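Containing mmCIF, C-alpha atoms: my_file.cif.
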data_coords
loop_
_atom_site.group_PDB
_atom_site.id
_atom_site.type_symbol
_atom_site.label_atom_id
_atom_site.label_comp_id
_atom_site.auth_asym_id
_atom_site.auth_seq_id
_atom_site.Cartn_x
_atom_site.Cartn_y
_atom_site.Cartn_z
ATOM 1 C CA MET A 1 180.008 137.615 172.070
ATOM 2 C CA VAL A 2 181.088 137.565 168.414
ATOM 3 C CA LEU A 3 180.409 134.705 165.988
ATOM 4 C CA ASP A 4 182.377 133.939 162.847
ATOM 5 C CA ALA A 5 179.959 133.875 159.901
ATOM 6 C CA ALA A 6 182.375 132.673 157.219
ATOM 7 C CA GLY A 7 184.619 135.665 157.795
ATOM 8 C CA THR A 8 181.881 138.152 158.715
ATOM 9 C CA PRO A 9 181.668 138.931 162.443
ATOM 10 C CA LEU A 10 178.153 138.731 163.894
ATOM 11 C CA SER A 11 177.623 140.103 167.384
ATOM 12 C CA ALA A 12 175.275 138.268 169.722
ATOM 13 C CA LEU A 13 173.919 138.130 173.260
ATOM 14 C CA LEU A 14 174.438 134.849 175.118
ATOM 15 C CA SER A 15 172.640 133.586 178.209
ATOM 16 C CA ARG A 16 173.319 130.131 179.671
ATOM 17 C CA PRO A 17 172.023 128.035 182.570
ATOM 18 C CA ALA A 18 173.914 128.602 185.800
ATOM 19 C CA THR A 19 174.947 124.953 186.010
ATOM 20 C CA GLY A 20 175.089 121.872 183.827
ATOM 21 C CA THR A 21 174.614 121.236 180.134
ATOM 22 C CA PRO A 22 171.709 123.086 178.512
ATOM 23 C CA ARG A 23 168.613 121.091 177.612
ATOM 24 C CA ALA A 24 168.764 122.731 174.183
ATOM 25 C CA THR A 25 169.675 126.058 172.595
ATOM 26 C CA VAL A 26 167.274 128.787 171.507
ATOM 27 C CA VAL A 27 168.669 130.927 168.690
ATOM 28 C CA ALA A 28 166.702 134.176 168.664
ATOM 29 C CA VAL A 29 166.591 136.094 165.375
ATOM 30 C CA HIS A 30 165.353 139.691 165.469
ATOM 31 C CA GLY A 31 163.236 141.587 162.961
ATOM 32 C CA GLY A 32 163.920 144.508 160.667
ATOM 33 C CA GLY A 33 164.940 147.754 162.345
ATOM 34 C CA MET A 34 165.702 145.963 165.630
ATOM 35 C CA THR A 35 168.761 144.272 167.152
ATOM 36 C CA ALA A 36 169.400 141.190 169.282
ATOM 37 C CA GLY A 37 168.402 143.256 172.320
ATOM 38 C CA TYR A 38 164.774 142.864 171.222
ATOM 39 C CA PHE A 39 164.793 139.536 173.079
ATOM 40 C CA HIS A 40 166.265 141.079 176.242
ATOM 41 C CA GLY A 41 163.751 143.847 176.972
ATOM 42 C CA GLN A 42 164.899 146.040 179.846
ATOM 43 C CA ALA A 43 161.586 147.596 180.910
ATOM 44 C CA ARG A 44 160.730 144.488 182.975
ATOM 45 C CA PRO A 45 163.444 141.820 183.483
ATOM 46 C CA GLU A 46 160.884 139.003 183.744
ATOM 47 C CA LEU A 47 159.873 139.648 180.127
ATOM 48 C CA SER A 48 163.383 138.913 178.797
ATOM 49 C CA LEU A 49 163.696 135.700 176.792
ATOM 50 C CA LEU A 50 167.372 135.500 177.768
ATOM 51 C CA HIS A 51 166.535 135.549 181.481
ATOM 52 C CA LEU A 52 163.648 133.094 181.177
ATOM 53 C CA GLY A 53 165.397 130.605 178.911
ATOM 54 C CA ALA A 54 168.503 130.330 181.077
ATOM 55 C CA HIS A 55 166.368 130.013 184.228
ATOM 56 C CA LEU A 56 164.549 127.039 182.663
ATOM 57 C CA GLY A 57 167.730 125.289 181.586
ATOM 58 C CA TYR A 58 168.231 126.485 178.006
ATOM 59 C CA THR A 59 171.031 128.384 176.365
ATOM 60 C CA VAL A 60 169.665 131.450 174.555
ATOM 61 C CA LEU A 61 171.723 133.005 171.759
ATOM 62 C CA ALA A 62 170.260 136.224 170.317
ATOM 63 C CA VAL A 63 172.122 137.088 167.117
ATOM 64 C CA ASP A 64 172.481 140.456 165.402
ATOM 65 C CA ARG A 65 171.602 139.569 161.814
ATOM 66 C CA PRO A 66 173.967 140.498 158.946
ATOM 67 C CA GLY A 67 173.844 144.268 158.524
ATOM 68 C CA TYR A 68 173.237 144.935 162.224
ATOM 69 C CA GLY A 69 175.494 145.238 165.250
ATOM 70 C CA ARG A 70 179.117 144.263 164.681
ATOM 71 C CA SER A 71 178.587 143.499 160.956
ATOM 72 C CA ALA A 72 176.943 146.854 160.108
ATOM 73 C CA ALA A 73 180.239 148.487 159.177
ATOM 74 C CA ALA A 74 181.167 145.669 156.792
ATOM 75 C CA LEU A 75 177.617 145.431 155.365
ATOM 76 C CA PRO A 76 176.292 149.031 155.417
ATOM 77 C CA ASP A 77 173.551 148.205 152.889
ATOM 78 C CA GLY A 78 172.730 144.890 154.541
ATOM 79 C CA LEU A 79 171.707 141.732 152.691
ATOM 80 C CA GLY A 80 168.487 140.090 151.537
ATOM 81 C CA VAL A 81 167.077 136.924 153.065
ATOM 82 C CA THR A 82 168.789 134.556 150.629
ATOM 83 C CA GLU A 83 172.198 136.172 151.175
ATOM 84 C CA GLN A 84 171.845 136.207 154.958
ATOM 85 C CA THR A 85 171.051 132.493 155.115
ATOM 86 C CA PRO A 86 174.551 130.998 154.596
ATOM 87 C CA LEU A 87 176.048 133.577 156.969
ATOM 88 C CA LEU A 88 173.707 132.626 159.804
ATOM 89 C CA HIS A 89 174.301 128.942 159.073
ATOM 90 C CA ALA A 90 178.067 129.490 159.335
ATOM 91 C CA ALA A 91 177.668 131.528 162.536
ATOM 92 C CA LEU A 92 175.653 128.771 164.219
ATOM 93 C CA ALA A 93 178.201 126.170 163.136
ATOM 94 C CA ASP A 94 180.878 128.337 164.768
ATOM 95 C CA PHE A 95 178.808 128.569 167.947
ATOM 96 C CA THR A 96 178.142 124.834 168.232
ATOM 97 C CA ARG A 97 181.845 124.091 167.722
ATOM 98 C CA ARG A 98 182.668 126.179 170.769
ATOM 99 C CA HIS A 99 179.644 125.726 173.048
ATOM 100 C CA PRO A 100 177.402 122.799 174.050
ATOM 101 C CA ALA A 101 174.011 123.118 172.356
ATOM 102 C CA GLY A 102 172.218 120.396 174.309
ATOM 103 C CA ALA A 103 169.701 118.371 172.291
ATOM 104 C CA GLY A 104 169.729 120.840 169.406
ATOM 105 C CA ILE A 105 168.548 124.261 168.244
ATOM 106 C CA LEU A 106 165.164 125.968 168.123
ATOM 107 C CA LEU A 107 165.057 129.016 165.859
ATOM 108 C CA LEU A 108 162.848 131.573 167.593
ATOM 109 C CA ALA A 109 162.399 134.475 165.206
ATOM 110 C CA HIS A 110 160.448 137.694 164.856
ATOM 111 C CA SER A 111 159.191 139.562 161.784
ATOM 112 C CA PHE A 112 161.963 139.791 159.133
ATOM 113 C CA GLY A 113 163.937 137.371 161.277
ATOM 114 C CA GLY A 114 161.152 134.847 160.687
ATOM 115 C CA LYS A 115 161.879 135.018 156.979
ATOM 116 C CA LEU A 116 165.533 134.218 157.652
ATOM 117 C CA ALA A 117 164.593 131.399 160.036
ATOM 118 C CA LEU A 118 162.352 129.783 157.430
ATOM 119 C CA SER A 119 165.061 130.137 154.792
ATOM 120 C CA LEU A 120 167.618 128.551 157.114
ATOM 121 C CA ALA A 121 165.230 125.687 157.903
ATOM 122 C CA ALA A 122 164.395 125.159 154.222
ATOM 123 C CA HIS A 123 168.105 124.889 153.419
ATOM 124 C CA ALA A 124 168.997 122.758 156.452
ATOM 125 C CA GLN A 125 171.526 120.045 155.757
ATOM 126 C CA ASP A 126 171.634 116.508 157.099
ATOM 127 C CA GLY A 127 173.405 116.661 160.429
ATOM 128 C CA ASP A 128 172.296 120.201 161.291
ATOM 129 C CA PRO A 129 171.019 120.207 164.904
ATOM 130 C CA LEU A 130 167.747 121.964 164.041
ATOM 131 C CA LEU A 131 164.787 120.896 166.191
ATOM 132 C CA GLY A 132 162.093 123.331 165.087
ATOM 133 C CA VAL A 133 161.137 126.876 164.138
ATOM 134 C CA ASP A 134 159.007 129.237 166.223
ATOM 135 C CA ILE A 135 158.048 132.500 164.510
ATOM 136 C CA SER A 136 156.038 135.563 165.476
ATOM 137 C CA GLY A 137 155.112 138.618 163.437
ATOM 138 C CA CYS A 138 155.694 136.994 160.056
ATOM 139 C CA GLY A 139 153.104 135.527 157.720
ATOM 140 C CA ARG A 140 152.887 134.739 154.048
ATOM 141 C CA ARG A 141 150.838 137.708 152.759
ATOM 142 C CA TYR A 142 150.889 141.357 153.834
ATOM 143 C CA THR A 143 147.713 143.245 154.654
ATOM 144 C CA PRO A 144 146.603 145.500 151.774
ATOM 145 C CA ALA A 145 147.852 148.625 153.587
ATOM 146 C CA ALA A 146 151.223 147.054 154.378
ATOM 147 C CA ALA A 147 151.598 145.711 150.837
ATOM 148 C CA ALA A 148 150.925 149.174 149.394
ATOM 149 C CA ASP A 149 153.635 150.722 151.590
ATOM 150 C CA VAL A 150 156.122 147.945 150.826
ATOM 151 C CA LEU A 151 155.629 148.189 147.065
ATOM 152 C CA ALA A 152 155.914 151.989 147.162
ATOM 153 C CA GLY A 153 158.965 151.916 149.431
ATOM 154 C CA ARG A 154 157.189 154.058 152.043
ATOM 155 C CA PRO A 155 158.087 153.834 155.751
ATOM 156 C CA ALA A 156 155.418 152.088 157.794
ATOM 157 C CA ASP A 157 153.211 153.891 160.271
ATOM 158 C CA GLN A 158 154.686 153.215 163.722
ATOM 159 C CA ARG A 159 151.295 151.936 164.913
ATOM 160 C CA ARG A 160 151.789 148.970 162.589
ATOM 161 C CA HIS A 161 154.938 147.992 164.499
ATOM 162 C CA TRP A 162 153.546 148.474 167.981
ATOM 163 C CA GLY A 163 149.762 148.440 168.100
ATOM 164 C CA PRO A 164 148.089 150.044 171.162
ATOM 165 C CA LEU A 165 150.689 151.469 173.544
ATOM 166 C CA ARG A 166 148.866 149.999 176.559
ATOM 167 C CA LEU A 167 150.270 146.607 175.499
ATOM 168 C CA TYR A 168 153.776 147.637 176.639
ATOM 169 C CA PRO A 169 155.186 148.230 180.148
ATOM 170 C CA PRO A 170 156.065 151.756 181.255
ATOM 171 C CA GLY A 171 159.614 152.574 180.202
ATOM 172 C CA THR A 172 159.519 150.388 177.084
ATOM 173 C CA PHE A 173 160.117 153.264 174.706
ATOM 174 C CA ARG A 174 162.862 154.782 176.853
ATOM 175 C CA THR A 175 164.843 151.574 177.304
ATOM 176 C CA GLY A 176 163.799 150.252 173.897
ATOM 177 C CA ALA A 177 165.724 152.954 172.055
ATOM 178 C CA ALA A 178 168.844 150.822 172.483
ATOM 179 C CA VAL A 179 167.342 147.897 170.522
ATOM 180 C CA VAL A 180 166.243 149.934 167.498
ATOM 181 C CA ALA A 181 168.486 150.256 164.435
ATOM 182 C CA PRO A 182 167.995 151.465 160.854
ATOM 183 C CA MET A 183 166.842 148.802 158.395
ATOM 184 C CA PRO A 184 169.600 148.393 155.759
ATOM 185 C CA ALA A 185 168.655 149.338 152.206
ATOM 186 C CA ARG A 186 169.026 145.895 150.621
ATOM 187 C CA GLU A 187 166.953 144.338 153.363
ATOM 188 C CA ALA A 188 164.204 146.925 152.863
ATOM 189 C CA ALA A 189 164.246 146.295 149.117
ATOM 190 C CA ASP A 190 163.783 142.572 149.791
ATOM 191 C CA LEU A 191 160.438 143.050 151.563
ATOM 192 C CA ALA A 192 158.391 143.034 148.374
ATOM 193 C CA HIS A 193 159.687 139.608 147.309
ATOM 194 C CA TRP A 194 158.592 137.744 150.433
ATOM 195 C CA PRO A 195 155.207 136.292 149.340
ATOM 196 C CA ARG A 196 156.873 134.554 146.382
ATOM 197 C CA LEU A 197 159.839 133.421 148.461
ATOM 198 C CA PHE A 198 157.566 132.036 151.173
ATOM 199 C CA ALA A 199 155.804 129.880 148.589
ATOM 200 C CA ARG A 200 159.149 128.331 147.634
ATOM 201 C CA LEU A 201 160.522 127.905 151.162
ATOM 202 C CA ALA A 202 157.562 126.598 153.176
ATOM 203 C CA PRO A 203 157.252 123.209 151.394
ATOM 204 C CA ARG A 204 160.966 122.552 152.049
ATOM 205 C CA VAL A 205 160.868 122.922 155.843
ATOM 206 C CA ARG A 206 161.188 119.459 157.390
ATOM 207 C CA VAL A 207 161.011 120.301 161.106
ATOM 208 C CA PRO A 208 158.034 121.296 163.282
ATOM 209 C CA VAL A 209 156.890 124.887 162.801
ATOM 210 C CA ARG A 210 154.885 127.182 165.057
ATOM 211 C CA VAL A 211 153.703 130.591 163.845
ATOM 212 C CA THR A 212 152.144 133.130 166.219
ATOM 213 C CA PHE A 213 150.142 136.213 165.265
ATOM 214 C CA ALA A 214 149.519 138.979 167.781
ATOM 215 C CA GLU A 215 145.932 140.008 168.386
ATOM 216 C CA HIS A 216 146.821 143.476 167.100
ATOM 217 C CA GLU A 217 149.073 142.365 164.212
ATOM 218 C CA ARG A 218 148.822 144.934 161.385
ATOM 219 C CA TRP A 219 151.548 143.776 159.003
ATOM 220 C CA TRP A 220 150.122 140.414 158.012
ATOM 221 C CA ARG A 221 146.804 138.933 156.987
ATOM 222 C CA HIS A 222 145.719 136.554 159.719
ATOM 223 C CA GLU A 223 142.061 135.796 159.221
ATOM 224 C CA ASP A 224 141.112 132.165 159.890
ATOM 225 C CA ALA A 225 141.171 131.073 156.232
ATOM 226 C CA GLU A 226 144.592 132.647 155.728
ATOM 227 C CA LEU A 227 146.027 130.876 158.772
ATOM 228 C CA ALA A 228 144.680 127.522 157.606
ATOM 229 C CA ALA A 229 146.246 128.056 154.186
ATOM 230 C CA LEU A 230 149.552 129.083 155.753
ATOM 231 C CA ALA A 231 149.740 125.916 157.864
ATOM 232 C CA ALA A 232 148.868 123.796 154.823
ATOM 233 C CA ASP A 233 151.844 125.236 152.913
ATOM 234 C CA PHE A 234 154.281 123.402 155.211
ATOM 235 C CA THR A 235 153.782 120.118 153.404
ATOM 236 C CA ALA A 236 157.072 118.511 154.528
ATOM 237 C CA SER A 237 156.828 119.572 158.163
ATOM 238 C CA PRO A 238 155.711 116.877 160.619
ATOM 239 C CA ARG A 239 153.672 119.504 162.473
ATOM 240 C CA ALA A 240 152.686 123.082 161.618
ATOM 241 C CA LEU A 241 150.881 125.066 164.318
ATOM 242 C CA VAL A 242 149.349 128.506 163.888
ATOM 243 C CA GLU A 243 148.370 130.369 167.048
ATOM 244 C CA ARG A 244 147.220 133.773 168.249
ATOM 245 C CA GLN A 245 148.671 135.766 171.131
ATOM 246 C CA PRO A 246 146.017 137.855 172.895
ATOM 247 C CA ASP A 247 146.744 141.361 174.171
ATOM 248 C CA ALA A 248 149.822 141.771 172.004
ATOM 249 C CA GLY A 249 151.041 143.948 169.161
ATOM 250 C CA HIS A 250 153.561 143.142 166.437
ATOM 251 C CA ASN A 251 156.547 143.477 168.814
ATOM 252 C CA ILE A 252 155.348 140.725 171.147
ATOM 253 C CA SER A 253 158.661 140.171 172.947
ATOM 254 C CA LEU A 254 158.746 143.760 174.243
ATOM 255 C CA GLY A 255 155.154 143.791 175.511
ATOM 256 C CA TRP A 256 153.298 142.560 178.575
ATOM 257 C CA ALA A 257 152.522 139.367 176.633
ATOM 258 C CA ALA A 258 156.223 138.546 176.187
ATOM 259 C CA ARG A 259 156.488 136.086 179.077
ATOM 260 C CA ALA A 260 153.377 134.179 178.023
ATOM 261 C CA TYR A 261 154.620 134.004 174.420
ATOM 262 C CA HIS A 262 158.125 132.918 175.452
ATOM 263 C CA LEU A 263 156.744 130.218 177.755
ATOM 264 C CA ARG A 264 154.593 128.868 174.923
ATOM 265 C CA ALA A 265 157.616 128.882 172.604
ATOM 266 C CA LEU A 266 159.673 126.956 175.145
ATOM 267 C CA ALA A 267 156.809 124.492 175.610
ATOM 268 C CA PHE A 268 156.868 123.984 171.848
ATOM 269 C CA LEU A 269 160.621 123.367 172.101
ATOM 270 C CA GLU A 270 159.994 120.723 174.764
ATOM 271 C CA GLU A 271 157.645 118.979 172.331
ATOM 272 C CA CYS A 272 160.390 119.024 169.678
ATOM 273 C CA LEU A 273 163.028 117.428 171.912
ATOM 274 C CA PRO A 274 163.927 113.816 171.164
ATOM 275 C CA PRO A 275 163.351 111.264 173.944
ATOM 276 C CA ASP A 276 166.197 111.070 176.446
ATOM 277 C CA PRO A 277 167.363 107.433 176.569
ATOM 278 C CA ALA A 278 169.054 108.127 179.911
ATOM 279 C CA ALA A 279 165.859 109.353 181.581
ATOM 280 C CA PRO A 280 164.454 107.183 184.397
ATOM 281 C CA GLY A 281 161.969 104.653 183.059
ATOM 282 C CA SER A 282 163.315 104.801 179.498
#
Write the structure described by the file as structure tokens, please.
Amino acid sequence: MVLDAAGTPLSALLSRPATGTPRATVVAVHGGGMTAGYFHGQARPELSLLHLGAHLGYTVLAVDRPGYGRSAAALPDGLGVTEQTPLLHAALADFTRRHPAGAGILLLAHSFGGKLALSLAAHAQDGDPLLGVDISGCGRRYTPAAAADVLAGRPADQRRHWGPLRLYPPGTFRTGAAVVAPMPAREAADLAHWPRLFARLAPRVRVPVRVTFAEHERWWRHEDAELAALAADFTASPRALVERQPDAGHNISLGWAARAYHLRALAFLEECLPPDPAAPGS
């Protein structure tokens, strides 16, 4: 489908429950150099977030961020995090005008998409149906090796994106070619600013937050002291969880661990749902 982001068309993948109103809506936001198809891995259908979410009663909307998919022609150089934020906000407003969202929206985001999700949450307005934010592959400080590459503008070693290849089903790299896209120049230039931007955004997030680091994450520092400090930065959030996903690399949602991670994210969403006054016994 195509969403109207204040005049900019954003393409998206949509998966809905077979019957009834969705319990809630998961908006999936992909990372840099990927597309919305990251959340709909084709190597093993049971690993797809779109399949799993709809099966469990949720609408799942995976959006191609500004500069990817349908908007790439209009935004060939892409946009930074701050510029992408109002466009995604407008696109989600367009979606909720046309489709039932259930109890609200969980932003489930990966890597660079996690930066956009945190920015959107930090700038959330009263009345926005945001329930929580669930992020993987995005921290507050790069590892020394990643920071050196980012500051020098060097492309990252592919092992940093994937980790050990045994973590991914056979066929991942054949079918995965369709979900890979070039990172736009302005987005790449924005990478170096993230640690400072995180420090400004995190204290403004007022919904529950869950951040997951893969066992083999090589982009971000994730030693115990760093994770404790990261959680403490979310001073306005009612709950900030930091977790680890075993047997996973940076691209969790394309690996064998995808189903376990997605189930944990949906369990987190269940914890964010408001009580249903119509439920028996209420």
Review point. So what do you get for CA of Gly153 in chain A versus CA of Leu79 in chain A, distance-wise?
Key: 16.6 Å
Practice item. Mind checking which residues fall within 9 Å of range 1-12 of chain A, counting only C-alpha atoms, ignoring those fewer than 3 positions away in the same chain, and posting them as a list in words? Key: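 My reading of the contact set: Ala36, Gly37, Leu61, Ala62, Val63, Asp64, Arg65, Pro66, Gly67, Tyr68, Gly69, Arg70, Ser71, Ala74, Pro86, Leu87, Leu88, His89, Ala90, Ala91, Leu92, Ala93, Asp94 and Phe95 of chain A.
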Check your understanding: Which one is closest to Ala24 in chain A: A:Gly104, A:Ala257, A:Arg97, A:Glu46? Count all atoms listed in the file.
Key -> A:Gly104
Within 7 Å of (165.1, 147.9, 157.6) (file coordinates; only C-alpha atoms), which protein or nucleic acid residues are there? I'd like them as a PDB file with C-alpha atoms, in the frame of the given file.
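Once everything was written out, this is out.pdb:
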ATOM      1  CA  GLY A  32     163.920 144.508 160.667  1.00  0.00           C
ATOM      2  CA  GLY A  33     164.940 147.754 162.345  1.00  0.00           C
ATOM      3  CA  PRO A 182     167.995 151.465 160.854  1.00  0.00           C
ATOM      4  CA  MET A 183     166.842 148.802 158.395  1.00  0.00           C
ATOM      5  CA  PRO A 184     169.600 148.393 155.759  1.00  0.00           C
ATOM      6  CA  ALA A 185     168.655 149.338 152.206  1.00  0.00           C
ATOM      7  CA  GLU A 187     166.953 144.338 153.363  1.00  0.00           C
ATOM      8  CA  ALA A 188     164.204 146.925 152.863  1.00  0.00           C
TER       9      ALA A 188
END
**Study point:** Test item: residues at most 12 Å from Pro170 in chain A, all atoms listed in the file, excluding those fewer than 6 positions along its chain, as an MDAnalysis selection string
**Key:** chainID A and resid 41:44 176 254:256
